[in-house]
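Asker: Here you go, this is coords_27.txt (compact mmCIF, C-alpha atoms).
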```
# COMPACT_ATOMS: atom_id res chain seq x y z
CA MET A 21 39.41 -62.36 -38.72
CA ALA A 22 38.23 -61.28 -42.15
CA THR A 23 35.67 -63.35 -44.02
CA PRO A 24 36.34 -64.16 -47.69
CA SER A 25 34.14 -61.23 -48.76
CA GLU A 26 35.97 -58.70 -46.56
CA PRO A 27 39.29 -57.12 -47.53
CA PHE A 28 42.16 -58.38 -45.43
CA ARG A 29 44.46 -55.82 -43.82
CA PRO A 30 47.48 -57.54 -42.29
CA HIS A 31 49.81 -56.10 -39.68
CA VAL A 32 52.70 -54.22 -41.38
CA GLY A 33 56.11 -54.18 -39.74
CA VAL A 34 59.25 -52.32 -40.73
CA HIS A 35 62.62 -53.96 -40.07
CA LEU A 36 66.20 -52.74 -40.31
CA ILE A 37 69.12 -54.80 -41.49
CA LEU A 38 72.00 -52.67 -40.20
CA ILE A 39 75.29 -53.80 -41.70
CA ALA A 40 78.80 -52.91 -40.48
CA ALA A 41 81.99 -54.84 -41.31
CA GLY A 42 79.95 -57.71 -42.78
CA LYS A 43 77.89 -58.12 -39.61
CA VAL A 44 74.23 -57.48 -38.82
CA LEU A 45 72.97 -55.88 -35.62
CA LEU A 46 70.47 -57.95 -33.63
CA LEU A 47 68.50 -57.17 -30.47
CA LEU A 48 67.52 -59.73 -27.83
CA ARG A 49 63.80 -59.15 -27.24
CA ALA A 50 62.39 -58.94 -23.70
CA ASN A 51 59.14 -58.00 -21.94
CA THR A 52 57.18 -57.29 -25.13
CA GLY A 53 54.81 -60.25 -25.23
CA PHE A 54 56.07 -61.25 -28.69
CA ALA A 55 59.10 -63.52 -29.22
CA ASP A 56 60.71 -62.54 -25.93
CA GLY A 57 64.06 -64.28 -25.49
CA SER A 58 64.67 -64.37 -29.24
CA TRP A 59 66.94 -62.24 -31.41
CA SER A 60 65.51 -59.83 -33.96
CA VAL A 61 66.56 -56.90 -36.07
CA PRO A 62 65.43 -53.43 -34.97
CA GLY A 63 61.91 -52.72 -36.09
CA GLY A 64 58.27 -52.54 -35.24
CA CYS A 65 54.84 -51.52 -36.39
CA LEU A 66 54.34 -48.94 -39.11
CA ASP A 67 52.51 -45.95 -37.64
CA ALA A 68 49.58 -44.30 -39.37
CA GLY A 69 50.62 -41.45 -41.66
CA GLU A 70 54.26 -42.44 -42.11
CA THR A 71 55.99 -43.96 -45.10
CA LEU A 72 57.76 -47.29 -44.77
CA PRO A 73 61.24 -45.66 -44.78
CA GLU A 74 60.10 -43.06 -42.22
CA GLY A 75 58.85 -45.87 -39.98
CA ALA A 76 62.15 -47.73 -40.25
CA ALA A 77 64.11 -44.56 -39.44
CA ARG A 78 61.84 -43.88 -36.44
CA GLU A 79 62.41 -47.40 -35.13
CA ALA A 80 66.20 -46.84 -35.40
CA ARG A 81 65.88 -43.69 -33.23
CA GLU A 82 63.59 -45.36 -30.68
CA GLU A 83 65.40 -48.67 -30.30
CA LEU A 84 69.04 -47.77 -30.95
CA GLY A 85 69.34 -44.00 -30.49
CA ILE A 86 70.77 -43.57 -34.00
CA VAL A 87 69.63 -41.30 -36.81
CA ILE A 88 69.12 -42.67 -40.29
CA ASP A 89 68.04 -40.50 -43.18
CA PRO A 90 65.16 -42.38 -44.82
CA ALA A 91 66.85 -41.67 -48.17
CA ASP A 92 69.82 -43.81 -46.99
CA LEU A 93 67.62 -46.88 -46.57
CA ALA A 94 67.68 -49.46 -49.36
CA PHE A 95 64.70 -51.75 -49.85
CA ALA A 96 65.95 -55.20 -48.81
CA GLY A 97 62.83 -57.32 -49.21
CA MET A 98 59.38 -58.23 -48.02
CA CYS A 99 58.35 -61.29 -46.02
CA HIS A 100 54.74 -62.47 -45.83
CA HIS A 101 54.63 -64.30 -42.51
CA ALA A 102 51.94 -66.44 -40.88
CA ASP A 103 52.24 -66.71 -37.11
CA PRO A 104 51.46 -70.09 -35.54
CA ASP A 105 48.25 -68.51 -34.15
CA GLY A 106 47.08 -67.68 -37.69
CA GLN A 107 47.89 -63.96 -37.64
CA ALA A 108 49.37 -62.86 -40.98
CA ARG A 109 52.00 -60.13 -41.09
CA ILE A 110 53.84 -58.25 -43.80
CA GLY A 111 57.44 -57.49 -42.86
CA VAL A 112 59.19 -54.88 -44.99
CA PHE A 113 62.98 -54.95 -44.63
CA PHE A 114 65.38 -52.10 -45.29
CA ALA A 115 69.18 -52.27 -45.26
CA ALA A 116 71.44 -49.49 -44.06
CA THR A 117 75.20 -49.10 -43.87
CA ARG A 118 75.18 -45.42 -42.93
CA TRP A 119 73.75 -43.69 -39.84
CA ALA A 120 74.64 -41.02 -37.29
CA GLY A 121 75.53 -42.10 -33.77
CA GLU A 122 76.63 -45.33 -32.15
CA PRO A 123 73.91 -47.99 -31.77
CA THR A 124 73.01 -48.54 -28.12
CA ASN A 125 70.20 -50.33 -26.34
CA ALA A 126 67.86 -47.35 -26.11
CA GLU A 127 64.92 -49.46 -24.86
CA PRO A 128 66.34 -51.62 -22.05
CA ALA A 129 62.81 -52.43 -20.80
CA LYS A 130 62.10 -54.16 -24.16
CA CYS A 131 65.56 -55.43 -25.06
CA ASP A 132 68.06 -57.38 -22.97
CA LYS A 133 71.05 -56.58 -25.20
CA ILE A 134 72.27 -55.82 -28.70
CA ASP A 135 75.12 -57.49 -30.57
CA TRP A 136 76.66 -57.85 -34.01
CA PHE A 137 76.62 -61.21 -35.82
CA ALA A 138 78.07 -62.46 -39.08
CA LEU A 139 75.31 -62.65 -41.70
CA ASP A 140 76.13 -66.31 -42.33
CA ASP A 141 76.43 -67.23 -38.63
CA LEU A 142 73.29 -66.03 -36.84
CA PRO A 143 72.33 -67.34 -33.42
CA ASP A 144 69.87 -70.26 -33.37
CA ASP A 145 67.12 -68.32 -31.60
CA VAL A 146 66.31 -65.65 -34.22
CA VAL A 147 62.60 -64.90 -34.75
CA THR A 148 61.61 -67.14 -37.67
CA TYR A 149 60.38 -64.51 -40.13
CA ILE A 150 63.31 -62.24 -39.27
CA ARG A 151 65.72 -65.06 -40.13
CA THR A 152 63.77 -65.61 -43.36
CA GLY A 153 64.04 -61.89 -44.18
CA ILE A 154 67.78 -61.80 -43.47
CA ASP A 155 68.34 -64.95 -45.55
CA ALA A 156 66.35 -63.44 -48.44
CA TYR A 157 68.51 -60.29 -48.21
CA ARG A 158 71.70 -62.38 -48.23
CA HIS A 159 70.53 -64.18 -51.37
CA ASP A 160 69.19 -61.04 -53.08
CA ARG A 161 65.56 -62.21 -53.05
CA ALA A 162 63.03 -59.39 -52.81
CA PHE A 163 60.18 -61.56 -51.55
CA SER A 164 59.91 -64.45 -49.10
CA LEU A 165 57.24 -66.48 -47.33
CA ASP A 166 57.48 -67.79 -43.78
CA GLY A 167 55.12 -69.95 -41.75
CA TRP A 168 52.64 -70.75 -44.51
CA GLN A 169 51.58 -74.35 -45.07
CA ALA A 170 52.65 -75.92 -48.36
CA GLN A 171 49.16 -75.69 -49.88
CA HIS A 172 49.23 -71.89 -49.53
CA ILE A 173 52.53 -71.58 -51.39
CA ALA A 174 51.48 -73.28 -54.66
```
Is it possible to express this structure as structure tokens?
Answerer:
Amino acid sequence: MATPSEPFRPHVGVHLILIAAGKVLLLLRANTGFADGSWSVPGGCLDAGETLPEGAAREAREELGIVIDPADLAFAGMCHHADPDGQARIGVFFAATRWAGEPTNAEPAKCDKIDWFALDDLPDDVVTYIRTGIDAYRHDRAFSLDGWQAQHIA
């Protein structure tokens, strides 16, 4: 953990809000060690040397077997999330309505299933900061906070 005099470098994640017919694609996480048994959008860690849109497009290929041109990704928002264990994360969300291929569960060892859900009727067990990011997208808010105590928000 960084001391006050050290620069803080949080984990950066890229997340995809894939929209088709008014629904969003969610994956049921499994065997990853993080939020297993909960729904999430496709996404993961930004790799060194890639841009945020490139990272999001890579995650689409890895997790769903689809190809998205990074130029077809629209910035959908950023969520600054604090995990219950104190780990801070920056989640950068992109929306897409266009891609090549049919989304499939391309990582069955890390995902139990994929399914489409109405944006206003998500399952109860969505990862908290992912739900916050989707809600921010639905309400056209570019920035959101999740998991921070009230004194940090002021």
Asker: Mind pulling up the distance from atom CA of A:Tyr149 to atom CA of A:Ala116?
Answerer: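 Result for atom CA of A:Ala116 versus atom CA of A:Tyr149: 19.1 Å, one decimal.
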Asker: Considering only C-alpha atoms, give me a table of residues in stretch 22-45 of chain A that are at most 10 Å from stretch 97-104 of chain A, with the closest atom pair and distance in Å for each, as a tab-separated table.
Answerer:
```
residue	atom	partner	partner_atom	distance
A:Pro30	CA	A:His100	CA	9.5
A:His31	CA	A:His101	CA	9.9
A:Val32	CA	A:His100	CA	9.6
A:Gly33	CA	A:Cys99	CA	9.7
A:Val34	CA	A:Met98	CA	9.4
A:His35	CA	A:Met98	CA	9.6
```
Asker: Convert the current residue selection to file output with C-alpha atoms, as a PDB file, keeping the file's coordinate frame.
Answerer:
```pdb
ATOM      1  CA  PRO A  30      47.480 -57.540 -42.290  1.00  0.00           C
ATOM      2  CA  HIS A  31      49.810 -56.100 -39.680  1.00  0.00           C
ATOM      3  CA  VAL A  32      52.700 -54.220 -41.380  1.00  0.00           C
ATOM      4  CA  GLY A  33      56.110 -54.180 -39.740  1.00  0.00           C
ATOM      5  CA  VAL A  34      59.250 -52.320 -40.730  1.00  0.00           C
ATOM      6  CA  HIS A  35      62.620 -53.960 -40.070  1.00  0.00           C
TER       7      HIS A  35
END
```
Asker: Could you check which of A:Gly69, A:Gly63, A:Pro90, A:Gly75 is closest to A:Arg49, using only C-alpha atoms?
Answerer: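 Counting only C-alpha atoms, the residue closest to A:Arg49 is A:Gly63.
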Asker: Measuring atom to atom with only C-alpha atoms, identify which of A:Trp119, A:Val147, A:Ala91, A:Trp59 is nearest to A:Lys133.
Answerer: A:Trp59
Asker: For a test of reading the model, state the distance in Å between atom CA of A:Ala50 and atom CA of A:Asp145, rounded to one decimal.
Answerer: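 Interatomic distance, atom CA of A:Ala50 to atom CA of A:Asp145: 13.1 Å.
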Asker: Can you tell me, as a PyMOL selection string, which residues sit within 12 Å of (55.7, -68.6, -43.6) in the file's frame, using only C-alpha atoms?
Answerer: chain A and resi 98-104+106-111+147-153+163-173
Asker: Measuring between all atoms listed in the file, which one of A:Thr124, A:Thr71, A:Ser58, A:Asn51 shows the shortest distance to A:Glu83?
Answerer: A:Thr124
Asker: Write out as a list in words which residues come within 12 Å of A:Glu82 when counting all atoms listed in the file, dropping same-chain ones fewer than 3 positions away.
Answerer: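 Surrounding residues, per the criterion: Pro62, Gly63, Gly64, Gly75, Ala76, Ala77, Arg78, Glu79, Gly85, Ile86, Val87, Ile88, Pro123, Thr124, Asn125, Ala126, Glu127, Pro128, Lys130 and Cys131 of chain A.
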Asker: How would the residues just chosen look if you wrote them out with C-alpha atoms as a PDB file, in the frame of the given file?
Answerer:
```
ATOM      1  CA  PRO A  62      65.430 -53.430 -34.970  1.00  0.00           C
ATOM      2  CA  GLY A  63      61.910 -52.720 -36.090  1.00  0.00           C
ATOM      3  CA  GLY A  64      58.270 -52.540 -35.240  1.00  0.00           C
ATOM      4  CA  GLY A  75      58.850 -45.870 -39.980  1.00  0.00           C
ATOM      5  CA  ALA A  76      62.150 -47.730 -40.250  1.00  0.00           C
ATOM      6  CA  ALA A  77      64.110 -44.560 -39.440  1.00  0.00           C
ATOM      7  CA  ARG A  78      61.840 -43.880 -36.440  1.00  0.00           C
ATOM      8  CA  GLU A  79      62.410 -47.400 -35.130  1.00  0.00           C
ATOM      9  CA  GLY A  85      69.340 -44.000 -30.490  1.00  0.00           C
ATOM     10  CA  ILE A  86      70.770 -43.570 -34.000  1.00  0.00           C
ATOM     11  CA  VAL A  87      69.630 -41.300 -36.810  1.00  0.00           C
ATOM     12  CA  ILE A  88      69.120 -42.670 -40.290  1.00  0.00           C
ATOM     13  CA  PRO A 123      73.910 -47.990 -31.770  1.00  0.00           C
ATOM     14  CA  THR A 124      73.010 -48.540 -28.120  1.00  0.00           C
ATOM     15  CA  ASN A 125      70.200 -50.330 -26.340  1.00  0.00           C
ATOM     16  CA  ALA A 126      67.860 -47.350 -26.110  1.00  0.00           C
ATOM     17  CA  GLU A 127      64.920 -49.460 -24.860  1.00  0.00           C
ATOM     18  CA  PRO A 128      66.340 -51.620 -22.050  1.00  0.00           C
ATOM     19  CA  LYS A 130      62.100 -54.160 -24.160  1.00  0.00           C
ATOM     20  CA  CYS A 131      65.560 -55.430 -25.060  1.00  0.00           C
TER      21      CYS A 131
END
```
Asker: Which residue is closest to A:Ser60? Choose from A:Ala80, A:Leu93, A:Ile39, A:Ile134 and count only C-alpha atoms.
Answerer: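 Comparing A:Ala80, A:Leu93, A:Ile39, A:Ile134 against A:Ser60, the winner is A:Ile134.
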Asker: For A:Phe137, which residue out of A:Leu36, A:Ala94, A:Leu45, A:Val112 is the nearest one, using only C-alpha atoms?
Answerer: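 Using only C-alpha atoms, A:Phe137 sits closest to A:Leu45.
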Asker: State, in Å with one decimal place, the distance from atom CA of A:Phe113 to atom CA of A:Leu72.
Answerer: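 It comes out at 9.3 Å.
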Asker: Using only C-alpha atoms, which protein or nucleic acid residues come within 7 Å of A:Val44? Drop anything in the same chain fewer than 3 positions from it, and give the result as a CSV table (one decimal) with C-alpha atoms, keeping the file's coordinate frame.
Answerer:
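Wrote it out as result.csv, contents follow:
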```csv
chain,number,residue,atom,x,y,z
A,37,ILE,CA,69.1,-54.8,-41.5
A,38,LEU,CA,72.0,-52.7,-40.2
A,39,ILE,CA,75.3,-53.8,-41.7
A,40,ALA,CA,78.8,-52.9,-40.5
A,136,TRP,CA,76.7,-57.8,-34.0
A,137,PHE,CA,76.6,-61.2,-35.8
A,138,ALA,CA,78.1,-62.5,-39.1
A,139,LEU,CA,75.3,-62.6,-41.7
```
Asker: Restricting the calculation to only C-alpha atoms: of A:Arg118, A:Lys43, A:Gly57, A:Asp89, which residue gets closest to A:Asp140?
Answerer: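 Checking each candidate against A:Asp140, we get A:Lys43 as the closest.
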